[in-house]
>>> print(open('model.csv').read())   # CSV, C-alpha atoms
chain,number,residue,atom,x,y,z
U,1,MET,CA,8.5,-26.8,14.5
U,2,HIS,CA,6.4,-28.6,17.1
U,3,PRO,CA,2.8,-27.6,17.7
U,4,SER,CA,3.1,-28.0,21.5
U,5,ALA,CA,6.0,-25.5,21.5
U,6,VAL,CA,3.8,-23.0,19.7
U,7,CYS,CA,1.1,-23.5,22.2
U,8,PHE,CA,3.5,-23.1,25.1
U,9,PHE,CA,4.8,-19.7,23.8
U,10,ALA,CA,1.2,-18.6,23.1
U,11,ILE,CA,0.0,-19.4,26.6
U,12,THR,CA,3.1,-17.7,28.2
U,13,LEU,CA,2.5,-14.6,26.1
U,14,THR,CA,-1.2,-14.7,26.7
U,15,SER,CA,-0.8,-14.8,30.5
U,16,THR,CA,1.7,-12.0,30.3
U,17,LEU,CA,-0.8,-9.9,28.3
U,18,THR,CA,-3.8,-10.7,30.4
U,19,ARG,CA,-2.0,-9.9,33.6
U,20,LEU,CA,-1.8,-6.3,32.3
U,21,SER,CA,-5.5,-6.1,33.2
U,22,ASP,CA,-7.3,-7.5,36.2
U,23,THR,CA,-10.6,-7.9,34.5
U,24,THR,CA,-9.9,-11.2,32.9
U,25,GLU,CA,-7.7,-12.9,35.5
U,26,HIS,CA,-10.3,-14.4,37.8
U,27,SER,CA,-13.7,-15.9,37.8
U,28,ASP,CA,-16.1,-13.3,39.0
U,29,ALA,CA,-19.6,-13.0,40.6
U,30,ALA,CA,-21.2,-12.9,37.1
U,31,GLY,CA,-20.1,-16.5,36.5
U,32,ASN,CA,-17.3,-15.8,34.1
U,33,ARG,CA,-14.8,-18.6,33.6
U,34,PRO,CA,-11.2,-18.5,34.7
U,35,ALA,CA,-8.6,-17.5,32.2
U,36,ARG,CA,-7.1,-21.0,32.0
U,37,SER,CA,-10.2,-22.7,30.6
U,38,GLU,CA,-10.8,-19.7,28.3
U,39,SER,CA,-7.3,-20.4,26.9
U,40,ALA,CA,-8.0,-24.1,26.6
U,41,ASP,CA,-11.1,-23.4,24.6
U,42,ALA,CA,-9.2,-21.1,22.3
U,43,LEU,CA,-6.4,-23.7,21.8
U,44,ARG,CA,-8.8,-26.4,20.9
U,45,GLU,CA,-10.5,-24.2,18.4
U,46,VAL,CA,-7.4,-22.7,16.8
U,47,LEU,CA,-5.3,-25.9,16.2
U,48,PRO,CA,-7.2,-27.1,13.1
U,49,VAL,CA,-7.1,-23.5,11.7
U,50,LEU,CA,-3.3,-23.4,12.5
U,51,LEU,CA,-2.8,-26.6,10.4
U,52,ALA,CA,-4.6,-25.0,7.5
U,53,VAL,CA,-2.6,-21.8,7.8
U,54,LEU,CA,0.9,-23.3,8.2
U,55,PRO,CA,1.3,-24.5,4.6
U,56,PHE,CA,0.7,-20.9,3.4
U,57,GLY,CA,3.3,-19.6,5.7
U,58,VAL,CA,5.7,-22.1,4.2
U,59,VAL,CA,4.8,-21.2,0.7
U,60,TYR,CA,5.1,-17.5,1.5
U,61,GLY,CA,8.6,-18.1,3.0
U,62,ALA,CA,9.8,-20.2,0.1
U,63,ILE,CA,8.5,-17.7,-2.5
U,64,ALA,CA,9.9,-14.7,-0.6
U,65,VAL,CA,13.5,-16.0,-0.8
U,66,GLN,CA,13.0,-17.0,-4.4
U,67,GLU,CA,12.0,-13.4,-5.1
U,68,GLY,CA,15.2,-12.2,-3.6
U,69,LEU,CA,14.2,-11.4,0.0
U,70,SER,CA,16.7,-12.3,2.7
U,71,VAL,CA,15.4,-14.6,5.5
U,72,ALA,CA,15.4,-11.6,7.8
U,73,GLN,CA,13.3,-9.6,5.3
U,74,ALA,CA,10.9,-12.5,4.8
U,75,MET,CA,10.5,-12.8,8.6
U,76,GLY,CA,10.3,-9.1,9.1
U,77,PHE,CA,7.5,-8.9,6.5
U,78,SER,CA,5.6,-11.7,8.3
U,79,SER,CA,6.0,-10.2,11.7
U,80,VAL,CA,4.8,-6.7,10.9
U,81,VAL,CA,2.2,-7.4,8.3
U,82,PHE,CA,0.8,-10.8,9.3
U,83,ALA,CA,-1.5,-11.0,6.3
U,84,GLY,CA,-0.7,-13.8,3.9
U,85,ALA,CA,-2.6,-12.7,0.8
U,86,SER,CA,-1.2,-9.2,0.9
U,87,GLN,CA,2.4,-10.5,1.5
U,88,LEU,CA,2.2,-12.8,-1.4
U,89,ALA,CA,0.7,-10.1,-3.6
U,90,ALA,CA,3.5,-7.7,-2.6
U,91,LEU,CA,6.0,-10.3,-3.6
U,92,GLN,CA,4.3,-10.8,-6.9
U,93,LEU,CA,4.4,-7.1,-7.7
U,94,MET,CA,8.0,-6.8,-6.5
U,95,GLY,CA,8.9,-9.5,-9.0
U,96,LEU,CA,7.1,-7.6,-11.7
U,97,GLY,CA,9.2,-4.5,-10.9
U,98,ALA,CA,6.1,-2.6,-10.0
U,99,PRO,CA,6.5,0.9,-8.4
U,100,ILE,CA,6.6,1.1,-4.6
U,101,TRP,CA,3.3,3.0,-4.4
U,102,SER,CA,1.4,0.3,-6.3
U,103,VAL,CA,2.8,-2.4,-4.0
U,104,LEU,CA,1.7,-0.4,-1.0
U,105,LEU,CA,-1.7,0.4,-2.5
U,106,THR,CA,-2.2,-3.3,-3.2
U,107,VAL,CA,-1.3,-4.3,0.3
U,108,PHE,CA,-3.6,-1.6,1.7
U,109,ALA,CA,-6.5,-2.6,-0.6
U,110,LEU,CA,-6.1,-6.3,0.1
U,111,ASN,CA,-6.1,-5.6,3.8
U,112,PHE,CA,-9.0,-3.1,3.7
U,113,ARG,CA,-11.4,-5.8,4.8
U,114,HIS,CA,-9.9,-5.5,8.3
U,115,VAL,CA,-11.5,-2.1,8.6
U,116,LEU,CA,-14.8,-3.9,8.7
U,117,TYR,CA,-13.5,-6.5,11.2
U,118,SER,CA,-12.2,-3.9,13.6
U,119,ALA,CA,-15.4,-1.9,13.3
U,120,SER,CA,-17.4,-4.9,14.3
U,121,LEU,CA,-15.0,-6.5,16.8
U,122,GLY,CA,-14.2,-3.2,18.6
U,123,ARG,CA,-17.6,-3.6,20.4
U,124,HIS,CA,-16.4,-6.9,22.0
U,125,PHE,CA,-13.1,-5.4,23.1
U,126,SER,CA,-14.7,-3.1,25.6
U,127,SER,CA,-13.3,-5.0,28.6
U,128,PHE,CA,-9.8,-4.9,27.2
U,129,SER,CA,-7.2,-2.5,28.5
U,130,PHE,CA,-5.8,0.2,26.2
U,131,LEU,CA,-2.6,-1.9,25.5
U,132,GLN,CA,-4.7,-5.0,25.0
U,133,LYS,CA,-6.8,-3.2,22.4
U,134,LEU,CA,-3.7,-1.9,20.5
U,135,THR,CA,-2.3,-5.5,20.5
U,136,GLY,CA,-5.6,-7.1,19.8
U,137,PHE,CA,-6.1,-5.1,16.6
U,138,PHE,CA,-2.6,-5.8,15.5
U,139,LEU,CA,-3.4,-9.5,15.6
U,140,LEU,CA,-6.8,-9.2,13.9
U,141,VAL,CA,-6.5,-11.8,11.1
U,142,ASP,CA,-9.5,-13.4,9.3
U,143,PRO,CA,-9.8,-16.6,11.5
U,144,ALA,CA,-9.3,-14.6,14.7
U,145,PHE,CA,-12.1,-12.3,13.6
U,146,GLY,CA,-14.4,-15.2,12.8
U,147,ALA,CA,-13.6,-17.0,16.1
U,148,ALA,CA,-14.0,-13.9,18.2
U,149,GLU,CA,-17.3,-13.0,16.7
U,150,VAL,CA,-18.6,-16.5,17.2
U,151,ARG,CA,-17.3,-16.5,20.8
U,152,ALA,CA,-18.8,-13.1,21.5
U,153,ALA,CA,-22.2,-14.3,20.2
U,154,LYS,CA,-22.1,-17.3,22.5
U,155,THR,CA,-20.6,-15.9,25.7
U,156,ARG,CA,-18.3,-13.0,26.5
U,157,LEU,CA,-15.0,-12.4,24.6
U,158,THR,CA,-12.2,-12.5,27.1
U,159,ALA,CA,-8.6,-11.4,26.6
U,160,SER,CA,-7.4,-14.9,27.5
U,161,TYR,CA,-9.5,-16.5,24.8
U,162,TYR,CA,-8.7,-13.9,22.1
U,163,PHE,CA,-4.9,-13.6,22.7
U,164,THR,CA,-4.4,-17.4,23.0
U,165,TYR,CA,-6.2,-17.9,19.6
U,166,ALA,CA,-4.5,-15.0,17.9
U,167,LEU,CA,-1.0,-15.5,19.2
U,168,VAL,CA,-1.0,-19.2,18.3
U,169,LEU,CA,-1.7,-18.1,14.7
U,170,TYR,CA,0.9,-15.3,14.9
U,171,ILE,CA,3.7,-17.5,16.2
U,172,GLY,CA,2.8,-20.3,13.8
U,173,TRP,CA,2.9,-17.9,11.0
U,174,LEU,CA,6.4,-16.8,11.9
U,175,LEU,CA,7.7,-20.3,12.3
U,176,ALA,CA,6.1,-21.4,9.0
U,177,THR,CA,7.7,-18.4,7.3
U,178,LEU,CA,11.1,-19.4,8.7
U,179,GLY,CA,10.6,-23.0,7.6
U,180,GLY,CA,9.6,-22.0,4.1
U,181,ALA,CA,12.5,-19.5,3.8
U,182,GLY,CA,15.0,-22.2,4.8
U,183,PHE,CA,13.3,-24.7,2.4
U,184,GLY,CA,13.0,-22.2,-0.5
U,185,ARG,CA,16.7,-21.6,-0.7
U,186,LEU,CA,17.2,-25.3,-1.5
U,187,ILE,CA,15.1,-25.2,-4.6
U,188,GLU,CA,17.2,-24.4,-7.7
U,189,ASP,CA,14.5,-24.5,-10.4
U,190,PRO,CA,11.2,-23.2,-8.9
U,191,GLU,CA,9.3,-23.4,-12.2
U,192,ALA,CA,9.9,-27.1,-12.5
U,193,PHE,CA,7.9,-27.5,-9.3
U,194,GLY,CA,5.2,-25.1,-10.5
U,195,LEU,CA,6.0,-22.7,-7.7
U,196,ASP,CA,5.4,-19.7,-9.9
U,197,PHE,CA,1.8,-21.0,-10.4
U,198,VAL,CA,1.1,-21.2,-6.6
U,199,LEU,CA,0.3,-17.5,-6.3
U,200,PRO,CA,-2.2,-17.3,-9.2
U,201,VAL,CA,-4.0,-20.5,-8.1
U,202,TYR,CA,-4.0,-19.4,-4.5
U,203,PHE,CA,-5.6,-16.0,-5.3
U,204,LEU,CA,-8.1,-17.7,-7.5
U,205,ALA,CA,-9.2,-20.1,-4.7
U,206,LEU,CA,-9.2,-17.2,-2.3
U,207,VAL,CA,-11.5,-15.2,-4.6
U,208,MET,CA,-13.9,-18.1,-4.8
U,209,THR,CA,-14.3,-18.2,-1.0
U,210,PHE,CA,-16.0,-14.7,-1.4
U,211,ARG,CA,-18.5,-15.9,-4.0
U,212,LYS,CA,-21.5,-16.0,-1.5
U,213,ARG,CA,-21.1,-12.3,-0.9
U,214,GLY,CA,-23.6,-10.0,-2.6
U,215,LEU,CA,-22.4,-8.6,-6.0
U,216,PHE,CA,-19.6,-11.1,-6.2
U,217,TYR,CA,-20.1,-12.0,-9.8
U,218,PRO,CA,-20.6,-8.4,-11.1
U,219,VAL,CA,-17.6,-7.2,-9.1
U,220,ALA,CA,-15.3,-10.1,-10.1
U,221,GLY,CA,-16.5,-10.1,-13.7
U,222,THR,CA,-15.8,-6.4,-14.1
U,223,SER,CA,-12.4,-6.7,-12.5
U,224,LEU,CA,-11.6,-9.7,-14.7
U,225,ALA,CA,-12.6,-7.9,-17.9
U,226,VAL,CA,-10.9,-4.6,-17.1
U,227,SER,CA,-7.7,-6.2,-15.8
U,228,VAL,CA,-7.3,-8.5,-18.8
U,229,LEU,CA,-7.9,-5.5,-21.1
U,230,ILE,CA,-5.4,-3.3,-19.3
U,231,TYR,CA,-2.8,-6.2,-19.2
U,232,TRP,CA,-3.3,-6.9,-22.9
U,233,LEU,CA,-3.0,-3.2,-23.8
U,234,PHE,CA,-0.3,-1.9,-21.4
U,235,GLY,CA,1.1,-4.9,-19.5
U,236,PRO,CA,1.8,-5.0,-15.8
U,237,PRO,CA,1.4,-3.6,-13.2
U,238,TRP,CA,-1.5,-1.3,-13.9
U,239,HIS,CA,-4.0,-4.1,-14.5
U,240,VAL,CA,-4.2,-4.8,-10.7
U,241,SER,CA,-5.0,-1.3,-9.6
U,242,LEU,CA,-7.3,-0.4,-12.5
U,243,GLY,CA,-9.0,-3.8,-12.6
U,244,GLY,CA,-9.5,-3.7,-8.9
U,245,LEU,CA,-10.9,-0.2,-8.9
U,246,ALA,CA,-13.3,-1.0,-11.6
U,247,GLY,CA,-14.7,-3.9,-9.6
U,248,ILE,CA,-14.9,-1.7,-6.4
U,249,ALA,CA,-16.7,1.0,-8.4
U,250,VAL,CA,-19.4,-1.4,-9.5
U,251,ALA,CA,-20.1,-2.3,-5.8
U,252,ALA,CA,-20.0,1.4,-4.8
U,253,ILE,CA,-22.5,2.4,-7.6
U,254,VAL,CA,-24.9,-0.5,-7.0
U,255,GLY,CA,-24.7,0.0,-3.2
U,256,PRO,CA,-25.4,-2.3,-0.3
U,257,GLN,CA,-26.9,-5.7,-0.9
U,258,PRO,CA,-28.7,-8.0,1.5
U,259,ARG,CA,-26.3,-10.9,2.4
U,260,PRO,CA,-27.4,-14.3,1.5
U,261,GLY,CA,-25.6,-17.5,2.6
U,262,ALA,CA,-23.0,-18.1,5.2
U,263,PRO,CA,-22.3,-16.0,8.3
U,264,GLU,CA,-19.0,-14.0,8.5
U,265,GLY,CA,-16.8,-16.5,10.3
U,266,GLU,CA,-17.8,-19.4,8.1
U,267,GLU,CA,-17.2,-17.5,4.9
U,268,ARG,CA,-13.9,-15.9,5.9
U,269,GLY,CA,-12.4,-18.5,8.1
U,270,VAL,CA,-10.4,-20.2,5.4
U,271,GLU,CA,-8.4,-17.2,4.5
U,272,GLY,CA,-5.6,-17.5,7.1
U,273,PRO,CA,-3.6,-14.5,8.2
H,1,MET,CA,11.4,5.7,-6.4
H,2,THR,CA,14.8,7.4,-6.4
H,3,ASN,CA,17.9,5.8,-7.8
H,4,GLU,CA,19.6,5.1,-4.5
H,5,LEU,CA,16.8,2.6,-3.8
H,6,VAL,CA,17.4,0.5,-6.9
H,7,THR,CA,20.5,-1.6,-7.6
H,8,ALA,CA,22.2,-1.6,-11.0
H,9,ASP,CA,20.2,-4.4,-12.5
H,10,GLY,CA,16.9,-2.7,-11.7
H,11,ALA,CA,16.0,-4.9,-8.7
H,12,TRP,CA,15.0,-3.4,-5.4
H,13,SER,CA,17.8,-2.7,-2.9
H,14,ALA,CA,17.7,-4.0,0.6
H,15,ALA,CA,16.9,-0.5,1.9
H,16,THR,CA,13.9,-0.3,-0.5
H,17,ILE,CA,12.6,-3.7,0.6
H,18,TRP,CA,12.8,-2.8,4.3
H,19,LEU,CA,11.1,0.5,3.5
H,20,VAL,CA,8.2,-1.3,1.8
H,21,ILE,CA,8.0,-3.9,4.6
H,22,ILE,CA,7.7,-1.2,7.3
H,23,ALA,CA,5.2,1.0,5.3
H,24,ALA,CA,3.1,-2.1,4.4
H,25,GLY,CA,3.1,-3.0,8.1
H,26,ALA,CA,2.0,0.5,9.1
H,27,LEU,CA,-0.8,0.5,6.5
H,28,THR,CA,-2.0,-2.9,7.5
H,29,TYR,CA,-2.2,-1.9,11.1
H,30,LEU,CA,-4.1,1.2,10.1
H,31,THR,CA,-6.7,-1.1,8.4
H,32,ARG,CA,-6.8,-3.4,11.5
H,33,ILE,CA,-7.5,-0.5,13.9
H,34,GLY,CA,-9.2,1.8,11.4
H,35,GLY,CA,-12.7,0.5,11.7
H,36,TYR,CA,-12.6,0.8,15.4
H,37,LEU,CA,-11.3,4.4,15.2
H,38,VAL,CA,-14.0,5.3,12.6
H,39,ILE,CA,-16.8,3.9,14.7
H,40,SER,CA,-15.4,5.6,17.8
H,41,LEU,CA,-15.2,9.0,16.0
H,42,PHE,CA,-18.3,8.9,13.8
H,43,GLY,CA,-20.6,6.2,15.1
H,44,SER,CA,-20.8,4.2,11.8
H,45,ILE,CA,-19.5,3.5,8.3
H,46,PRO,CA,-21.7,4.8,5.5
H,47,PRO,CA,-23.5,1.7,3.8
H,48,ARG,CA,-22.3,2.6,0.4
H,49,ALA,CA,-18.7,2.8,1.6
H,50,ALA,CA,-19.1,-0.5,3.4
H,51,ALA,CA,-20.4,-2.1,0.2
H,52,ALA,CA,-17.3,-0.8,-1.6
H,53,LEU,CA,-15.0,-2.1,1.1
H,54,ASP,CA,-16.8,-5.4,1.0
H,55,ALA,CA,-16.0,-5.7,-2.7
H,56,VAL,CA,-12.3,-4.9,-2.3
H,57,PRO,CA,-10.9,-8.5,-1.9
H,58,ALA,CA,-12.9,-10.0,-4.8
H,59,ALA,CA,-12.1,-7.1,-7.1
H,60,VAL,CA,-8.3,-6.9,-6.3
H,61,LEU,CA,-7.7,-10.6,-6.2
H,62,THR,CA,-9.4,-11.2,-9.5
H,63,ALA,CA,-7.3,-8.5,-11.1
H,64,ILE,CA,-4.2,-10.2,-9.8
H,65,VAL,CA,-5.1,-13.6,-11.2
H,66,SER,CA,-6.7,-12.8,-14.6
H,67,PRO,CA,-3.5,-12.0,-16.5
H,68,VAL,CA,-2.7,-15.8,-16.4
H,69,LEU,CA,-5.4,-16.1,-19.1
H,70,VAL,CA,-3.4,-13.6,-21.3
H,71,SER,CA,0.2,-14.3,-20.4
H,72,GLY,CA,0.2,-18.0,-19.4
H,73,ASP,CA,0.9,-20.9,-21.7
H,74,TRP,CA,-1.9,-23.5,-22.3
H,75,PRO,CA,-1.2,-25.6,-19.3
H,76,GLU,CA,-1.6,-22.6,-17.0
H,77,ARG,CA,-4.7,-21.4,-18.8
H,78,ILE,CA,-6.4,-24.8,-18.6
H,79,ALA,CA,-5.2,-25.3,-15.0
H,80,ILE,CA,-6.6,-22.0,-13.8
H,81,LEU,CA,-10.0,-22.6,-15.4
H,82,LEU,CA,-10.1,-26.1,-14.0
H,83,CYS,CA,-9.2,-24.8,-10.5
H,84,ALA,CA,-12.0,-22.2,-10.7
H,85,VAL,CA,-14.4,-25.0,-11.1
H,86,LEU,CA,-12.8,-27.2,-8.5
H,87,SER,CA,-12.9,-24.4,-6.0
H,88,LEU,CA,-16.7,-24.5,-6.0
H,89,ARG,CA,-16.4,-27.9,-4.3
H,90,LEU,CA,-12.9,-28.4,-2.7
H,91,PRO,CA,-11.2,-26.5,0.1
H,92,LEU,CA,-8.7,-23.8,-0.7
H,93,ILE,CA,-5.6,-25.8,0.1
H,94,ALA,CA,-6.6,-28.7,-2.0
H,95,VAL,CA,-7.2,-26.5,-5.0
H,96,VAL,CA,-3.8,-24.9,-4.6
H,97,VAL,CA,-2.1,-28.3,-4.4
H,98,ILE,CA,-4.0,-29.7,-7.4
H,99,GLY,CA,-3.3,-26.7,-9.5
H,100,THR,CA,0.4,-26.6,-8.7
H,101,VAL,CA,0.8,-30.4,-9.3
H,102,LEU,CA,-1.0,-30.1,-12.6
H,103,VAL,CA,1.2,-27.4,-13.9
H,104,ALA,CA,4.4,-29.0,-12.6
H,105,GLY,CA,3.3,-32.3,-14.2
H,106,ALA,CA,2.5,-30.6,-17.6
H,107,ARG,CA,6.0,-29.1,-17.5
H,108,ALA,CA,7.7,-32.4,-16.6
H,109,PHE,CA,6.0,-33.9,-19.7
H,110,GLY,CA,7.3,-31.0,-21.8
H,111,PHE,CA,4.2,-29.0,-22.5
>>> encode(input="model.csv", output="structure tokens")
Amino acid sequence: MHPSAVCFFAITLTSTLTRLSDTTEHSDAAGNRPARSESADALREVLPVLLAVLPFGVVYGAIAVQEGLSVAQAMGFSSVVFAGASQLAALQLMGLGAPIWSVLLTVFALNFRHVLYSASLGRHFSSFSFLQKLTGFFLLVDPAFGAAEVRAAKTRLTASYYFTYALVLYIGWLLATLGGAGFGRLIEDPEAFGLDFVLPVYFLALVMTFRKRGLFYPVAGTSLAVSVLIYWLFGPPWHVSLGGLAGIAVAAIVGPQPRPGAPEGEERGVEGP
Amino acid sequence: MTNELVTADGAWSAATIWLVIIAAGALTYLTRIGGYLVISLFGSIPPRAAAALDAVPAAVLTAIVSPVLVSGDWPERIAILLCAVLSLRLPLIAVVVIGTVLVAGARAFGF
């Protein structure tokens, strides 16, 4: 895949989407910038993020075909869910032979953070058309949220900026999935390459990016203790749901905490789709 | 799960996988637009509910990882603990690469 091809598709799609509404097409009396420079800003900011996200798409694609998904299924999953952590978790649970409801619950739980994103970002979508809002929320991944919040704090969040940023990530995610799925079929002994260890270590590193959040250690510690206990007593897959619920219960009981440390975008920017 | 959705060896059938993919996509979209809908309808998310939502990633991801400490062999156990320490300093992708290489290396040497 070639980055400039990704950008080209993104700009084409973005201009199609922004044409649906007049409000972002032209520079206006309030001094807003034309759509083209909005897109250029978004491209410049998204490319480093794209480079960090692509390897995970490749890993996801490779693991998906190793777990028995077809290339079409691996691509379908990436195109409708577009959330790497939950896609990988779903594969893990499918591999364990977990019941369908527990896979769906895990996907829902892992993606629940987006509720907070859309609650916050919805305020900055006020100039978007109805269709742009529907599409914009569909593309609302961690880095897009971070970038849009930062943009909205500095200036006005335009559809050109947002859709360029988000669509580059979306198209990149699909191409990386495709690349990984093609590559994954070539590997005959995934364990020799440690591929079965990629998911645990990925989730571990992902968890640690949340460590500046209030209550991280009580929540993660409780989840660790309960999930290990359940796993030891009953085996998979209940350890995920029950361990997770125990950690969430701690946060719900203790209640809201003041947030020390990094702002949202900085803290969450590394998660990828 | 009904029997038609599972193949003879207990693996998921193609129909089941597609069902899960579509349902997972619908649920994910619900989370992505849900906060906006809730704010539009009610004005705000209760603070205690927001705190619980905030804890979801840390709680669920920890629960996915921790069985490695029970079920893994010694190379996996050591690698996961080492990576926990490394992730305090290194970016996410570096930790993933180091952890995977460590485990692959340990296996190559017959551990």
>>> interface_residues(input="model.csv", of="chain H", to="chain U", cutoff="6 Å", atoms="all atoms listed in the file", output="short mmCIF file (atom, residue, chain, number, x, y, z; two decimals) with C-alpha atoms, keeping the file's coordinate frame")
data_model
loop_
_atom_site.label_atom_id
_atom_site.label_comp_id
_atom_site.auth_asym_id
_atom_site.auth_seq_id
_atom_site.Cartn_x
_atom_site.Cartn_y
_atom_site.Cartn_z
CA ILE H 21 8.00 -3.90 4.60
CA ALA H 24 3.10 -2.10 4.40
CA GLY H 25 3.10 -3.00 8.10
CA LEU H 27 -0.80 0.50 6.50
CA TYR H 29 -2.20 -1.90 11.10
CA THR H 31 -6.70 -1.10 8.40
CA ARG H 32 -6.80 -3.40 11.50
CA ILE H 33 -7.50 -0.50 13.90
CA GLY H 34 -9.20 1.80 11.40
CA GLY H 35 -12.70 0.50 11.70
CA TYR H 36 -12.60 0.80 15.40
CA ARG H 48 -22.30 2.60 0.40
CA ALA H 51 -20.40 -2.10 0.20
CA ALA H 52 -17.30 -0.80 -1.60
CA ALA H 55 -16.00 -5.70 -2.70
CA VAL H 56 -12.30 -4.90 -2.30
CA PRO H 57 -10.90 -8.50 -1.90
CA ALA H 58 -12.90 -10.00 -4.80
CA ALA H 59 -12.10 -7.10 -7.10
CA VAL H 60 -8.30 -6.90 -6.30
CA LEU H 61 -7.70 -10.60 -6.20
CA THR H 62 -9.40 -11.20 -9.50
CA ALA H 63 -7.30 -8.50 -11.10
CA ILE H 64 -4.20 -10.20 -9.80
CA VAL H 65 -5.10 -13.60 -11.20
CA SER H 66 -6.70 -12.80 -14.60
CA PRO H 67 -3.50 -12.00 -16.50
CA SER H 87 -12.90 -24.40 -6.00
CA LEU H 92 -8.70 -23.80 -0.70
CA VAL H 96 -3.80 -24.90 -4.60
CA THR H 100 0.40 -26.60 -8.70
CA VAL H 103 1.20 -27.40 -13.90
CA ALA H 104 4.40 -29.00 -12.60
#
>>> atom_distance(input="model.csv", atom1="CA of Val49 (chain U)", atom2="CA of Gly172 (chain U)")
10.6 Å
>>> atom_distance(input="model.csv", atom1="CA of Gly146 (chain U)", atom2="CA of Ala42 (chain U)")
12.3 Å
>>> residues_near_point(input="model.csv", point="(-17.1, -14.3, 18.5)", cutoff="12 Å", atoms="all atoms listed in the file", output="PyMOL selection string")
chain U and resi 42+45+117+120-125+142-158+161-162+165+263-266
>>> atom_distance(input="model.csv", atom1="CA of Phe109 (chain H)", atom2="CA of Glu67 (chain U)")
25.9 Å
>>> closest_residue(input="model.csv", among="H:Ala79, H:Leu69, H:Ile93, H:Ile45", to="Ala106 (chain H)", atoms="all atoms listed in the file")
H:Ala79
>>> decode(input="model.csv", residues="region 122-152 of chain U", atoms="C-alpha atoms", output="tab-separated table (two decimals), in the first residue's frame")
chain	number	residue	atom	x	y	z
U	122	GLY	CA	-21.07	16.08	19.59
U	123	ARG	CA	-20.80	19.71	20.76
U	124	HIS	CA	-18.22	20.39	18.04
U	125	PHE	CA	-20.26	18.69	15.31
U	126	SER	CA	-22.95	21.38	15.45
U	127	SER	CA	-22.09	22.76	12.00
U	128	PHE	CA	-22.21	19.27	10.42
U	129	SER	CA	-25.21	18.12	8.37
U	130	PHE	CA	-27.28	15.18	9.62
U	131	LEU	CA	-25.50	12.75	7.28
U	132	GLN	CA	-22.11	14.15	8.26
U	133	LYS	CA	-22.98	13.60	11.93
U	134	LEU	CA	-24.01	9.98	11.28
U	135	THR	CA	-20.80	9.34	9.32
U	136	GLY	CA	-18.63	11.33	11.70
U	137	PHE	CA	-19.68	9.26	14.70
U	138	PHE	CA	-19.12	6.05	12.74
U	139	LEU	CA	-15.48	7.11	12.20
U	140	LEU	CA	-14.93	8.23	15.81
U	141	VAL	CA	-11.76	6.35	16.81
U	142	ASP	CA	-9.38	7.30	19.63
U	143	PRO	CA	-6.89	9.41	17.64
U	144	ALA	CA	-9.71	11.14	15.70
U	145	PHE	CA	-11.32	12.07	19.00
U	146	GLY	CA	-8.05	13.41	20.38
U	147	ALA	CA	-7.24	15.39	17.24
U	148	ALA	CA	-10.77	16.80	16.90
U	149	GLU	CA	-10.85	17.94	20.52
U	150	VAL	CA	-7.48	19.65	20.16
U	151	ARG	CA	-8.62	21.25	16.89
U	152	ALA	CA	-11.89	22.44	18.41
